[in-house]
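Next comes input04.cif, a file with mmCIF, C-alpha atoms.
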```cif
data_model
#
loop_
_atom_site.label_atom_id
_atom_site.label_comp_id
_atom_site.auth_asym_id
_atom_site.auth_seq_id
_atom_site.Cartn_x
_atom_site.Cartn_y
_atom_site.Cartn_z
CA MET A 119 28.32 -14.56 -7.33
CA ALA A 120 30.08 -11.88 -9.39
CA GLU A 121 27.74 -12.54 -12.29
CA SER A 122 24.67 -12.41 -10.05
CA SER A 123 25.47 -8.89 -8.77
CA ARG A 124 25.51 -7.54 -12.33
CA LEU A 125 21.96 -8.87 -12.85
CA CYS A 126 20.54 -7.28 -9.70
CA SER A 127 18.09 -4.49 -10.40
CA VAL A 128 17.28 -3.49 -6.81
CA TRP A 129 19.58 -3.15 -3.80
CA VAL A 130 18.05 -3.28 -0.34
CA GLY A 131 19.50 -2.57 3.11
CA SER A 132 18.06 -4.53 6.04
CA GLU A 133 17.67 -4.00 9.75
CA THR A 134 20.10 -6.85 10.41
CA GLY A 135 22.89 -5.14 8.47
CA ILE A 136 22.69 -7.26 5.30
CA LEU A 137 22.97 -5.74 1.83
CA LYS A 138 20.68 -7.68 -0.50
CA GLY A 139 20.65 -7.66 -4.29
CA VAL A 140 17.45 -8.71 -6.06
CA ASP A 141 17.26 -10.12 -9.59
CA LEU A 142 13.69 -9.33 -10.65
CA GLY A 143 13.91 -11.50 -13.77
CA LYS A 144 14.45 -14.66 -11.71
CA LYS A 145 12.84 -13.31 -8.53
CA GLN A 146 15.95 -14.24 -6.54
CA ALA A 147 17.69 -12.37 -3.73
CA PHE A 148 21.39 -12.60 -2.85
CA ASN A 149 23.08 -11.66 0.42
CA TYR A 150 26.36 -9.76 0.05
CA SER A 151 27.36 -9.51 3.70
CA ASP A 152 29.31 -11.82 5.98
CA LEU A 153 26.55 -13.35 8.09
CA SER A 154 28.98 -14.59 10.76
CA THR A 155 30.09 -11.05 11.71
CA LEU A 156 26.73 -9.30 11.75
CA SER A 157 25.56 -7.30 14.78
CA ARG A 158 22.78 -4.85 15.60
CA ASP A 159 25.08 -1.82 15.22
CA GLN A 160 25.59 -2.71 11.55
CA GLU A 161 21.96 -1.94 10.69
CA VAL A 162 21.75 -0.24 7.29
CA SER A 163 20.25 3.25 7.63
CA ALA A 164 21.13 4.85 4.27
CA LEU A 165 22.06 3.85 0.71
CA CYS A 166 23.30 5.81 -2.31
CA TRP A 167 25.16 5.26 -5.57
CA GLY A 168 28.92 5.80 -5.46
CA ASP A 169 29.16 7.03 -9.05
CA ASP A 170 27.04 7.96 -12.03
CA PHE A 171 27.56 4.54 -13.62
CA GLU A 172 25.97 2.78 -10.63
CA SER A 173 28.97 0.49 -10.30
CA GLU A 174 29.29 1.19 -6.55
CA VAL A 175 26.80 1.18 -3.70
CA LEU A 176 27.55 3.18 -0.56
CA VAL A 177 26.08 1.57 2.58
CA GLY A 178 25.71 3.69 5.70
CA CYS A 179 25.48 1.72 8.97
CA VAL A 180 24.31 2.76 12.41
CA ASN A 181 27.86 2.39 13.81
CA ARG A 182 28.94 5.32 11.52
CA THR A 183 30.72 3.08 9.03
CA VAL A 184 30.27 3.75 5.31
CA LYS A 185 30.96 0.65 3.22
CA THR A 186 31.64 0.72 -0.52
CA PHE A 187 30.27 -2.27 -2.41
CA SER A 188 31.38 -2.93 -5.98
CA THR A 189 28.62 -4.35 -8.16
CA GLU A 190 31.22 -5.53 -10.69
CA LYS A 191 33.41 -7.37 -8.19
CA SER A 192 30.51 -8.44 -5.93
CA ARG A 193 32.35 -7.53 -2.73
CA PHE A 194 33.02 -4.66 -0.36
CA THR A 195 36.09 -2.76 -1.43
CA GLU A 196 36.33 0.03 1.16
CA PHE A 197 35.33 0.78 4.75
CA ARG A 198 35.34 4.33 6.08
CA HIS A 199 34.53 5.46 9.61
CA CYS A 200 32.71 8.81 9.80
CA PRO A 201 32.48 9.96 13.44
CA GLY A 202 30.77 13.06 14.77
CA GLY A 203 27.29 13.90 15.97
CA GLU A 204 24.70 11.50 17.34
CA GLY A 205 22.18 9.14 15.84
CA PRO A 206 22.11 7.16 12.59
CA PHE A 207 22.79 8.46 9.11
CA ARG A 208 19.87 10.41 7.62
CA GLY A 209 21.41 10.73 4.19
CA LEU A 210 24.45 9.94 2.05
CA ALA A 211 25.62 11.60 -1.16
CA VAL A 212 28.69 11.96 -3.36
CA TRP A 213 29.83 15.32 -4.75
CA ASP A 214 32.99 16.04 -6.73
CA GLY A 215 34.76 12.99 -5.28
CA SER A 216 33.72 13.90 -1.72
CA LEU A 217 31.39 12.01 0.59
CA ILE A 218 28.50 13.91 2.19
CA THR A 219 26.99 12.55 5.40
CA CYS A 220 24.27 13.85 7.72
CA VAL A 221 23.28 12.34 11.06
CA GLU A 222 20.15 12.67 13.18
CA SER A 223 21.60 15.28 15.55
CA GLY A 224 22.00 17.71 12.64
CA LEU A 225 25.72 17.51 11.87
CA LEU A 226 26.37 17.55 8.11
CA LYS A 227 29.92 16.76 6.98
CA VAL A 228 31.74 16.84 3.66
CA TRP A 229 34.56 14.27 3.65
CA LYS A 230 37.12 15.08 0.96
CA GLU A 231 38.76 12.16 -0.78
CA GLY A 232 42.17 11.30 0.62
CA SER A 233 41.84 13.72 3.54
CA VAL A 234 40.93 13.21 7.18
CA ASP A 235 39.60 16.76 7.56
CA SER A 236 35.98 17.55 6.77
CA ALA A 237 33.77 20.61 6.44
CA GLU A 238 30.99 20.75 9.01
CA ILE A 239 27.56 22.36 8.84
CA THR A 240 25.00 22.43 11.63
CA VAL A 241 21.59 22.08 9.99
CA GLY A 242 19.41 21.88 13.11
CA PRO A 243 18.38 19.14 15.54
CA ASP A 244 16.24 16.03 15.00
CA VAL A 245 16.94 15.63 11.29
CA TYR A 246 14.92 12.98 9.43
CA LYS A 247 16.21 13.44 5.88
CA MET A 248 19.09 14.90 3.89
CA CYS A 249 18.59 14.98 0.11
CA HIS A 250 21.09 15.76 -2.67
CA SER A 251 20.14 17.80 -5.75
CA PRO A 252 20.68 15.82 -9.01
CA SER A 253 21.04 18.93 -11.18
CA GLN A 254 22.92 21.29 -8.86
CA ARG A 255 25.29 18.86 -7.20
CA HIS A 256 26.61 21.41 -4.73
CA ARG A 257 23.19 21.79 -3.08
CA VAL A 258 21.51 19.66 -0.43
CA ALA A 259 18.22 19.95 1.46
CA THR A 260 17.56 19.01 5.08
CA GLY A 261 14.52 18.79 7.34
CA GLY A 262 13.11 17.01 10.37
CA LYS A 263 10.87 17.33 13.39
CA GLU A 264 10.39 21.01 14.28
CA ASN A 265 13.19 21.60 11.78
CA ASP A 266 11.65 22.99 8.61
CA LEU A 267 13.07 22.68 5.10
CA LYS A 268 16.45 24.30 4.43
CA ILE A 269 18.47 24.27 1.20
CA TRP A 270 22.25 24.56 1.60
CA ASP A 271 24.94 25.55 -0.90
CA LEU A 272 28.05 23.54 0.01
CA GLN A 273 30.25 26.15 -1.67
CA ARG A 274 28.89 28.81 0.73
CA PRO A 275 27.79 26.84 3.81
CA GLU A 276 27.51 29.77 6.23
CA GLU A 277 23.76 30.27 5.75
CA PRO A 278 21.08 28.33 3.90
CA VAL A 279 20.11 29.71 0.48
CA PHE A 280 16.46 28.94 1.27
CA ARG A 281 14.71 28.62 4.59
CA ALA A 282 11.05 27.55 4.50
CA LYS A 283 8.46 29.44 6.50
CA ASN A 284 5.81 27.66 8.49
CA LEU A 285 2.14 27.87 7.58
CA ARG A 286 -0.16 30.39 9.21
CA ASN A 287 -1.93 29.44 12.41
CA ASP A 288 -4.92 27.16 12.05
CA TRP A 289 -8.58 28.11 12.58
CA LEU A 290 -8.05 27.86 16.35
CA ASP A 291 -5.13 30.28 16.04
CA LEU A 292 -2.74 27.50 17.07
CA ARG A 293 0.73 27.03 15.62
CA VAL A 294 0.97 24.35 12.88
CA PRO A 295 3.53 21.68 13.89
CA VAL A 296 6.46 20.81 11.60
CA TRP A 297 7.62 17.25 10.90
CA ILE A 298 9.37 16.56 7.60
CA ARG A 299 9.89 12.82 6.98
CA ASP A 300 11.17 12.69 3.39
CA MET A 301 11.97 15.01 0.48
CA GLN A 302 13.27 15.14 -3.07
CA PHE A 303 14.39 17.77 -5.56
CA ILE A 304 12.21 18.04 -8.65
CA PRO A 305 14.49 17.55 -11.69
CA GLY A 306 14.95 20.54 -13.95
CA SER A 307 14.01 23.10 -11.30
CA ASP A 308 14.83 24.36 -7.82
CA LYS A 309 11.56 23.04 -6.40
CA VAL A 310 11.50 20.55 -3.54
CA VAL A 311 8.64 18.20 -2.67
CA THR A 312 8.33 17.01 0.95
CA SER A 313 6.17 14.60 2.93
CA THR A 314 5.35 15.18 6.58
CA GLY A 315 4.43 13.19 9.63
CA TYR A 316 1.05 14.94 9.56
CA HIS A 317 -0.01 13.30 6.24
CA GLN A 318 0.81 16.33 4.07
CA VAL A 319 2.61 16.61 0.73
CA ARG A 320 4.10 20.06 0.10
CA VAL A 321 5.96 21.68 -2.78
CA TYR A 322 8.39 24.55 -2.11
CA ASP A 323 9.74 26.88 -4.80
CA PRO A 324 12.84 28.91 -3.84
CA ALA A 325 12.33 31.03 -6.98
CA SER A 326 8.93 32.14 -5.67
CA PRO A 327 8.74 35.31 -3.56
CA GLN A 328 6.96 33.38 -0.79
CA ARG A 329 8.76 30.95 1.50
CA ARG A 330 5.61 29.01 2.34
CA PRO A 331 4.68 25.98 0.21
CA VAL A 332 3.16 26.72 -3.19
CA LEU A 333 1.16 23.46 -3.07
CA GLN A 334 -0.18 21.31 -0.25
CA VAL A 335 -2.10 18.05 -0.50
CA GLU A 336 -3.26 15.84 2.36
CA TYR A 337 -3.48 12.05 2.08
CA GLU A 338 -5.37 9.88 4.60
CA GLU A 339 -4.64 10.49 8.30
CA TYR A 340 -1.41 8.62 9.06
CA PRO A 341 2.22 9.84 8.96
CA LEU A 342 3.83 9.76 5.52
CA THR A 343 7.17 7.99 5.78
CA ALA A 344 8.55 7.93 2.22
CA LEU A 345 8.13 9.54 -1.19
CA SER A 346 9.57 9.36 -4.69
CA LEU A 347 8.95 11.29 -7.90
CA THR A 348 7.80 9.40 -10.98
CA ALA A 349 9.85 9.30 -14.17
CA ASP A 350 8.02 12.29 -15.70
CA ALA A 351 8.31 14.29 -12.42
CA ASN A 352 4.63 15.26 -12.67
CA SER A 353 3.50 12.95 -9.85
CA VAL A 354 4.84 11.72 -6.55
CA VAL A 355 4.40 8.32 -4.89
CA VAL A 356 3.96 8.42 -1.11
CA GLY A 357 3.66 5.72 1.55
CA ASN A 358 2.58 5.88 5.19
CA THR A 359 2.86 3.92 8.42
CA HIS A 360 -0.25 1.80 7.66
CA GLY A 361 1.00 0.36 4.39
CA GLN A 362 -1.01 2.72 2.17
CA VAL A 363 0.76 3.77 -1.03
CA ALA A 364 -0.70 6.36 -3.40
CA ILE A 365 0.21 8.45 -6.44
CA ILE A 366 -0.52 12.19 -6.21
CA ASP A 367 -0.59 14.56 -9.16
CA LEU A 368 1.56 17.61 -8.41
CA ARG A 369 0.04 19.68 -11.23
CA GLN A 370 -3.56 19.48 -10.04
CA GLY A 371 -2.95 18.53 -6.43
CA ARG A 372 -5.22 15.49 -6.44
CA LEU A 373 -5.04 11.76 -5.82
CA LEU A 374 -4.53 9.69 -8.99
CA ARG A 375 -4.64 6.11 -7.72
CA CYS A 376 -3.69 3.81 -4.85
CA LEU A 377 -1.21 0.91 -5.02
CA LYS A 378 -2.55 -2.09 -3.13
CA GLY A 379 -0.92 -5.14 -1.61
CA VAL A 380 1.39 -3.54 0.97
CA ALA A 381 1.15 -4.64 4.62
CA GLY A 382 2.95 -2.76 7.37
CA SER A 383 4.79 0.53 7.43
CA VAL A 384 6.48 1.65 4.21
CA LEU A 385 10.05 2.73 4.95
CA SER A 386 11.46 3.38 1.48
CA LEU A 387 10.19 4.16 -2.03
CA GLN A 388 11.98 4.77 -5.29
CA CYS A 389 10.68 5.16 -8.83
CA HIS A 390 12.57 3.97 -11.87
CA SER A 391 14.26 6.75 -13.81
CA SER A 392 12.69 5.85 -17.17
CA LEU A 393 10.10 3.07 -16.73
CA PRO A 394 6.67 3.52 -15.04
CA LEU A 395 7.71 1.35 -12.08
CA VAL A 396 8.10 2.02 -8.37
CA ALA A 397 9.86 -0.16 -5.78
CA SER A 398 8.76 -0.22 -2.14
CA CYS A 399 9.89 -2.02 1.01
CA GLY A 400 9.20 -1.88 4.72
CA LEU A 401 8.40 -3.83 7.83
CA ASP A 402 6.52 -6.66 6.10
CA ARG A 403 9.86 -7.89 4.61
CA PHE A 404 8.63 -7.89 1.02
CA LEU A 405 10.08 -6.01 -1.93
CA ARG A 406 7.29 -4.98 -4.29
CA ILE A 407 7.39 -3.47 -7.76
CA HIS A 408 4.21 -1.71 -8.91
CA ASN A 409 3.23 -0.24 -12.24
CA THR A 410 2.50 3.45 -11.75
CA GLN A 411 0.25 3.66 -14.83
CA ASP A 412 -2.37 1.08 -13.87
CA GLY A 413 -1.39 0.27 -10.27
CA ARG A 414 -0.80 -3.45 -10.88
CA LEU A 415 1.71 -5.42 -8.84
CA GLN A 416 4.51 -6.60 -11.14
CA HIS A 417 6.95 -8.30 -8.75
CA LYS A 418 6.88 -9.46 -5.16
CA VAL A 419 9.94 -10.99 -3.46
CA TYR A 420 10.20 -12.09 0.17
CA LEU A 421 13.57 -11.06 1.69
CA LYS A 422 13.29 -12.52 5.24
CA SER A 423 14.47 -9.34 7.07
CA ARG A 424 12.96 -5.99 7.91
CA LEU A 425 13.95 -3.60 5.16
CA ASN A 426 15.00 0.00 5.78
CA CYS A 427 16.06 1.46 2.43
CA LEU A 428 16.52 0.59 -1.24
CA LEU A 429 18.10 1.66 -4.53
CA PHE A 430 16.42 1.08 -7.87
CA SER A 431 18.88 0.61 -10.73
CA SER A 432 18.30 2.59 -13.92
CA GLN A 433 20.51 0.41 -16.12
CA ASP A 434 19.29 -1.21 -19.36
CA LYS A 435 19.27 -4.66 -17.76
CA LEU A 436 15.84 -3.89 -16.27
CA GLU A 437 14.18 -2.77 -19.48
CA ALA A 438 13.42 -6.28 -20.74
CA ASP A 439 12.03 -7.32 -17.37
CA GLY A 440 10.05 -4.10 -17.13
CA GLU A 441 8.46 -4.49 -20.57
CA THR A 442 7.49 -8.09 -19.82
CA ALA A 443 6.05 -7.08 -16.48
CA LEU A 444 4.03 -4.29 -18.05
CA GLN A 445 2.44 -6.76 -20.48
CA ASP A 446 1.84 -9.76 -18.26
CA GLY A 447 1.72 -8.60 -14.66
CA VAL A 448 2.25 -10.79 -11.62
CA LYS A 449 -0.40 -11.79 -9.11
CA GLU A 450 0.43 -12.03 -5.46
CA GLU A 451 1.34 -15.45 -4.14
CA ASP A 452 -1.29 -15.37 -1.44
CA GLU A 453 -4.06 -14.64 -3.93
CA GLU A 454 -2.93 -17.46 -6.22
CA GLU A 455 -2.91 -19.99 -3.38
CA GLU A 456 -6.36 -18.84 -2.25
CA ASP A 457 -7.75 -19.16 -5.77
CA GLU A 458 -6.38 -22.70 -6.07
CA VAL A 459 -7.99 -23.73 -2.78
CA TRP A 460 -11.39 -22.40 -3.81
CA ALA A 461 -11.12 -23.94 -7.26
CA ASP A 462 -10.53 -27.42 -5.78
CA MET A 463 -13.56 -27.26 -3.45
CA PRO A 464 -16.84 -28.75 -4.83
CA THR A 465 -19.86 -26.46 -4.90
CA VAL A 466 -23.05 -27.72 -3.20
CA THR A 467 -26.57 -26.30 -3.51
CA ASP A 468 -29.95 -26.92 -1.83
CA ARG A 469 -32.83 -28.49 -3.75
CA ALA A 470 -36.07 -26.57 -3.72
CA GLY A 471 -38.42 -28.08 -1.12
CA GLY A 472 -36.02 -30.86 -0.10
CA GLY A 473 -33.35 -31.28 2.53
CA LYS A 474 -30.91 -33.28 0.40
CA ARG A 475 -27.82 -31.76 -1.27
CA ARG A 476 -25.99 -32.79 -4.37
CA ASN A 477 -22.78 -31.87 -6.12
CA GLU A 478 -23.11 -29.50 -9.04
CA SER A 479 -20.29 -31.35 -10.77
CA GLU A 480 -22.61 -34.36 -11.24
CA GLU A 481 -24.14 -34.62 -14.67
CA GLU A 482 -27.68 -33.33 -14.96
CA PRO A 483 -30.17 -34.63 -17.56
CA GLN A 484 -30.06 -32.35 -20.56
CA PRO A 485 -33.39 -31.25 -22.07
CA SER A 486 -34.05 -32.83 -25.47
CA THR A 487 -35.22 -30.92 -28.51
CA GLY A 488 -37.64 -31.70 -31.36
CA PRO A 489 -41.42 -32.17 -31.87
CA ASP A 490 -41.63 -35.14 -29.48
CA ALA A 491 -39.96 -33.11 -26.77
CA ALA A 492 -42.41 -30.25 -27.42
CA GLY A 493 -45.39 -32.64 -27.08
CA LYS A 494 -44.05 -34.05 -23.85
CA THR A 495 -43.52 -30.58 -22.49
CA LYS A 496 -47.08 -29.59 -23.40
CA SER A 497 -48.54 -32.72 -21.75
CA ALA A 498 -46.52 -32.13 -18.62
CA THR A 499 -47.80 -28.52 -18.49
CA GLN A 500 -51.41 -29.63 -18.86
CA ALA A 501 -50.94 -32.29 -16.17
CA LYS A 502 -49.56 -29.66 -13.83
CA LYS A 503 -52.53 -27.37 -14.52
CA LYS A 504 -55.01 -30.23 -14.02
CA THR A 505 -53.39 -31.25 -10.74
CA LYS A 506 -53.43 -27.68 -9.61
CA GLY A 507 -57.15 -27.37 -10.47
CA MET A 508 -57.96 -30.56 -8.55
CA THR A 509 -56.12 -29.29 -5.56
CA ILE A 510 -58.02 -26.00 -5.64
CA GLY A 511 -61.34 -27.91 -6.01
CA ALA A 512 -60.56 -30.11 -3.03
CA THR A 513 -59.70 -27.10 -0.95
CA GLN A 514 -62.93 -25.36 -1.87
CA ALA A 515 -64.93 -28.55 -1.12
CA LYS A 516 -63.39 -28.70 2.32
CA LYS A 517 -64.33 -25.11 2.95
CA THR A 518 -67.93 -25.72 1.74
CA LYS A 519 -68.26 -28.80 3.92
CA GLY A 520 -67.06 -26.83 6.89
CA LYS A 521 -69.66 -24.15 6.23
CA THR A 522 -72.46 -26.82 5.95
CA ILE A 523 -71.49 -28.41 9.26
CA ASP A 524 -71.54 -25.00 10.92
CA ALA A 525 -75.05 -24.28 9.56
CA THR A 526 -76.38 -27.67 10.77
CA GLN A 527 -74.99 -27.12 14.24
CA ALA A 528 -76.58 -23.67 14.30
CA LYS A 529 -80.00 -25.14 13.39
CA LYS A 530 -79.72 -27.78 16.13
CA THR A 531 -78.82 -25.15 18.66
CA LYS A 532 -81.79 -23.05 17.57
CA GLY A 533 -84.17 -26.06 17.92
CA LYS A 534 -82.95 -26.76 21.43
CA THR A 535 -83.50 -23.14 22.35
CA ILE A 536 -87.16 -23.27 21.04
CA ASP A 537 -87.89 -26.52 23.01
CA ALA A 538 -86.61 -24.96 26.21
CA THR A 539 -88.81 -21.89 25.73
CA GLN A 540 -91.95 -24.02 25.17
CA ALA A 541 -91.19 -26.08 28.30
CA LYS A 542 -91.02 -22.91 30.39
CA LYS A 543 -94.41 -21.68 29.02
CA THR A 544 -96.12 -25.07 29.75
CA LYS A 545 -94.78 -25.06 33.30
CA ARG A 546 -96.19 -21.58 33.93
CA LYS A 547 -99.66 -22.57 32.65
CA LEU A 548 -99.78 -25.59 34.95
CA ARG A 549 -98.91 -23.41 37.95
CA SER A 550 -101.58 -20.86 37.11
CA SER A 551 -104.35 -23.49 36.66
CA SER A 552 -103.60 -25.12 39.99
#
```
Would you give me this structure, written as structure tokens?
Amino acid sequence: MAESSRLCSVWVGSETGILKGVDLGKKQAFNYSDLSTLSRDQEVSALCWGDDFESEVLVGCVNRTVKTFSTEKSRFTEFRHCPGGEGPFRGLAVWDGSLITCVESGLLKVWKEGSVDSAEITVGPDVYKMCHSPSQRHRVATGGKENDLKIWDLQRPEEPVFRAKNLRNDWLDLRVPVWIRDMQFIPGSDKVVTSTGYHQVRVYDPASPQRRPVLQVEYEEYPLTALSLTADANSVVVGNTHGQVAIIDLRQGRLLRCLKGVAGSVLSLQCHSSLPLVASCGLDRFLRIHNTQDGRLQHKVYLKSRLNCLLFSSQDKLEADGETALQDGVKEEDEEEEDEVWADMPTVTDRAGGGKRRNESEEEPQPSTGPDAAGKTKSATQAKKKTKGMTIGATQAKKTKGKTIDATQAKKTKGKTIDATQAKKTKRKLRSSS
């Protein structure tokens, strides 16, 4: 089991409280939780790396317990209870040996190592996401429903260093609602990209004189639930509640391509730090790895539980699997099974002018070649023409015969009419003579 955890490229937290490690090379998943002690309050709501070497995974549970899992020892090494506030964890981070937690009610805490005391920051109610800056480690961003984007400096936590301003009223002069679902700092800058529950992708720039977004793109019509920046940070991958995943170019503000094959709401997305790959999971209980360059599905693993969040390892152990996946690609299991079923079924066709059917797999007489075959073909053509001419002649004869019969009947009718007229004249003469 210890060896298997070192080979896992993706770590997934489930609704049942199980931490799962997935080896993409073998397409195997391993459970690293004690199944006999699981309960609903151990549902995994947040994941993050415990160090820069990705040797530890921090697992945030609904019961406010943060577990530390060692990927080298393949076991949980520490359990820490983090009380305060209400609701599940909306984000975990590590900064200078301290643990940063944020819960749904808006209480952000910095837990110093080896100390019970913690610094508290109230970031606003109904928080949906807390994100840590990878370049400026002392900064975090928060946002939620009717709680617009705020960037906090943990060294000076009294006031946010940036507070986003809502958009202007719409064409009906109504206030535009706010609902941030996910966010991420753009590496190498102070910019933050967010996704909203009103199918919008926005980019904020604290260095800009305006506090409103500098870019806004809308995708479909359903709430966007997750996002992740690609390795080059020029595009963002977003997913919504209807299983639609797309890549949006942040430079031009347009849709690049869609990633197909997802069913159900997407709850978590993460792009690889160096390879053009993105991992996604959600309510359909599948972990999927897509290629962001051509949109092909590279891996698909069924994990049996509803999945809430994931971590995509950036270690070198994935490079070989990633290169192989980029060359070969992997078809979905359902499509393969369907293709096999259709391939095994015989194809039947209707004969022209007949009601019988035959199997196309049966051997058909092949046309021969050569001068004899040409002569036979010519004779058959002449016979067909002759038969056709006879048929036309017979049809015309029938029509002519019909016309002759009609003329004869007309003559007879005319003769009868003349006889009747003469009889009437004779009868009149006899009356007049008498």
Could you expand the PyMOL selection byres ((chain A and resi 174) around 12) into the explicit residues it covers here, written as a VMD selection string?
chain A and resid 123 to 124 129 165 to 173 175 to 177 185 to 196 212 429 431
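Here the PyMOL selection byres ((chain A and resi 220) around 8) captures the residues Phe207, Arg208, Gly209, Leu210, Ile218, Thr219, Val221, Glu222, Gly224, Leu225, Leu226, Lys227 and Met248 of chain A.
The set of residues that the PyMOL selection byres ((chain A and resi 348) around 9) takes from this file is Ser346, Leu347, Ala349, Asp350, Ala351, Asn352, Ser353, Val354, Val355, Ile365, Gln388, Cys389, His390, Ser391, Ser392, Leu393, Pro394, Leu395, Val396 and Thr410 of chain A.
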Store the residues of this selection in a file with C-alpha atoms, as a PDB file, in the coordinates of the input.
```pdb
ATOM      1  CA  SER A 346       9.570   9.360  -4.690  1.00  0.00           C
ATOM      2  CA  LEU A 347       8.950  11.290  -7.900  1.00  0.00           C
ATOM      3  CA  ALA A 349       9.850   9.300 -14.170  1.00  0.00           C
ATOM      4  CA  ASP A 350       8.020  12.290 -15.700  1.00  0.00           C
ATOM      5  CA  ALA A 351       8.310  14.290 -12.420  1.00  0.00           C
ATOM      6  CA  ASN A 352       4.630  15.260 -12.670  1.00  0.00           C
ATOM      7  CA  SER A 353       3.500  12.950  -9.850  1.00  0.00           C
ATOM      8  CA  VAL A 354       4.840  11.720  -6.550  1.00  0.00           C
ATOM      9  CA  VAL A 355       4.400   8.320  -4.890  1.00  0.00           C
ATOM     10  CA  ILE A 365       0.210   8.450  -6.440  1.00  0.00           C
ATOM     11  CA  GLN A 388      11.980   4.770  -5.290  1.00  0.00           C
ATOM     12  CA  CYS A 389      10.680   5.160  -8.830  1.00  0.00           C
ATOM     13  CA  HIS A 390      12.570   3.970 -11.870  1.00  0.00           C
ATOM     14  CA  SER A 391      14.260   6.750 -13.810  1.00  0.00           C
ATOM     15  CA  SER A 392      12.690   5.850 -17.170  1.00  0.00           C
ATOM     16  CA  LEU A 393      10.100   3.070 -16.730  1.00  0.00           C
ATOM     17  CA  PRO A 394       6.670   3.520 -15.040  1.00  0.00           C
ATOM     18  CA  LEU A 395       7.710   1.350 -12.080  1.00  0.00           C
ATOM     19  CA  VAL A 396       8.100   2.020  -8.370  1.00  0.00           C
ATOM     20  CA  THR A 410       2.500   3.450 -11.750  1.00  0.00           C
TER      21      THR A 410
END
```
Counting only C-alpha atoms, which residues in segment 308-422 of chain A sit no more than 12 Å from segment 252-269 of chain A? For each one, give the nearest pair of atoms and the distance in Å, sorted by chain then residue number, as a tab-separated table.
```
residue	atom	partner	partner_atom	distance
A:Asp308	CA	A:Gln254	CA	8.7
A:Lys309	CA	A:Ile269	CA	10.3
A:Val310	CA	A:Ala259	CA	8.4
A:Val311	CA	A:Leu267	CA	10.0
A:Thr312	CA	A:Leu267	CA	8.5
A:Ser313	CA	A:Gly261	CA	10.3
A:Thr314	CA	A:Gly262	CA	8.8
A:Gly315	CA	A:Lys263	CA	8.5
A:Tyr316	CA	A:Lys263	CA	10.8
A:Arg320	CA	A:Leu267	CA	10.6
A:Val321	CA	A:Leu267	CA	10.7
A:Tyr322	CA	A:Leu267	CA	8.8
A:Asp323	CA	A:Ile269	CA	10.9
A:Pro324	CA	A:Ile269	CA	8.9
A:Arg329	CA	A:Leu267	CA	10.0
A:Arg330	CA	A:Leu267	CA	10.2
A:Pro331	CA	A:Leu267	CA	10.3
A:Thr343	CA	A:Gly262	CA	11.7
```
Exercise: Val384 of chain A partners within 9 Å, only C-alpha atoms, chain neighbours under 6 positions left out, as a compact mmCIF listing (two decimals) with C-alpha atoms, in the coordinates of the input:
```
# COMPACT_ATOMS: atom_id res chain seq x y z
CA LEU A 342 3.83 9.76 5.52
CA THR A 343 7.17 7.99 5.78
CA ALA A 344 8.55 7.93 2.22
CA VAL A 356 3.96 8.42 -1.11
CA GLY A 357 3.66 5.72 1.55
CA ASN A 358 2.58 5.88 5.19
CA THR A 359 2.86 3.92 8.42
CA HIS A 360 -0.25 1.80 7.66
CA GLY A 361 1.00 0.36 4.39
CA GLN A 362 -1.01 2.72 2.17
CA VAL A 363 0.76 3.77 -1.03
CA SER A 398 8.76 -0.22 -2.14
CA CYS A 399 9.89 -2.02 1.01
CA GLY A 400 9.20 -1.88 4.72
CA LEU A 401 8.40 -3.83 7.83
CA ASP A 402 6.52 -6.66 6.10
CA ASN A 426 15.00 0.00 5.78
```
For Asp159 of chain A, please output as JSON, numbers by chain all residues within 9 Å (counting only C-alpha atoms; exclusion window: fewer than 5 positions along the same chain).
{"A": [134, 135, 179, 180, 181, 182]}
Written file, previous selection with C-alpha atoms, as a PDB file, in the frame of the given file:
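File produced: selection03.pdb:
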```pdb
ATOM      1  CA  THR A 134      20.100  -6.850  10.410  1.00  0.00           C
ATOM      2  CA  GLY A 135      22.890  -5.140   8.470  1.00  0.00           C
ATOM      3  CA  CYS A 179      25.480   1.720   8.970  1.00  0.00           C
ATOM      4  CA  VAL A 180      24.310   2.760  12.410  1.00  0.00           C
ATOM      5  CA  ASN A 181      27.860   2.390  13.810  1.00  0.00           C
ATOM      6  CA  ARG A 182      28.940   5.320  11.520  1.00  0.00           C
TER       7      ARG A 182
END
```
Let me have the centre and edge lengths in Å, one decimal, of the box along x, y and z around every listed atom of segment 170-182 of chain A with 8 Å of margin on each side, as AutoDock Vina command-line options.
```
--center_x 26.8 --center_y 4.2 --center_z 0.1 --size_x 21.0 --size_y 23.5 --size_z 43.4
```
Between atom CA of Gly178 of chain A and atom CA of Asn409 of chain A, what distance in Å does the model show, to one decimal?
29.0 Å
Please, what distance in Å, to one decimal, runs between atom CA of Val380 of chain A and atom CA of Leu405 of chain A?
9.5 Å
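Nearest to Asp412 of chain A of all the residues A:Arg369, A:Arg375, A:Arg424, A:Lys230 is A:Arg375, based on only C-alpha atoms.
From atom CA of Val335 of chain A back to atom CA of Gln318 of chain A, the distance works out to 5.7 Å.
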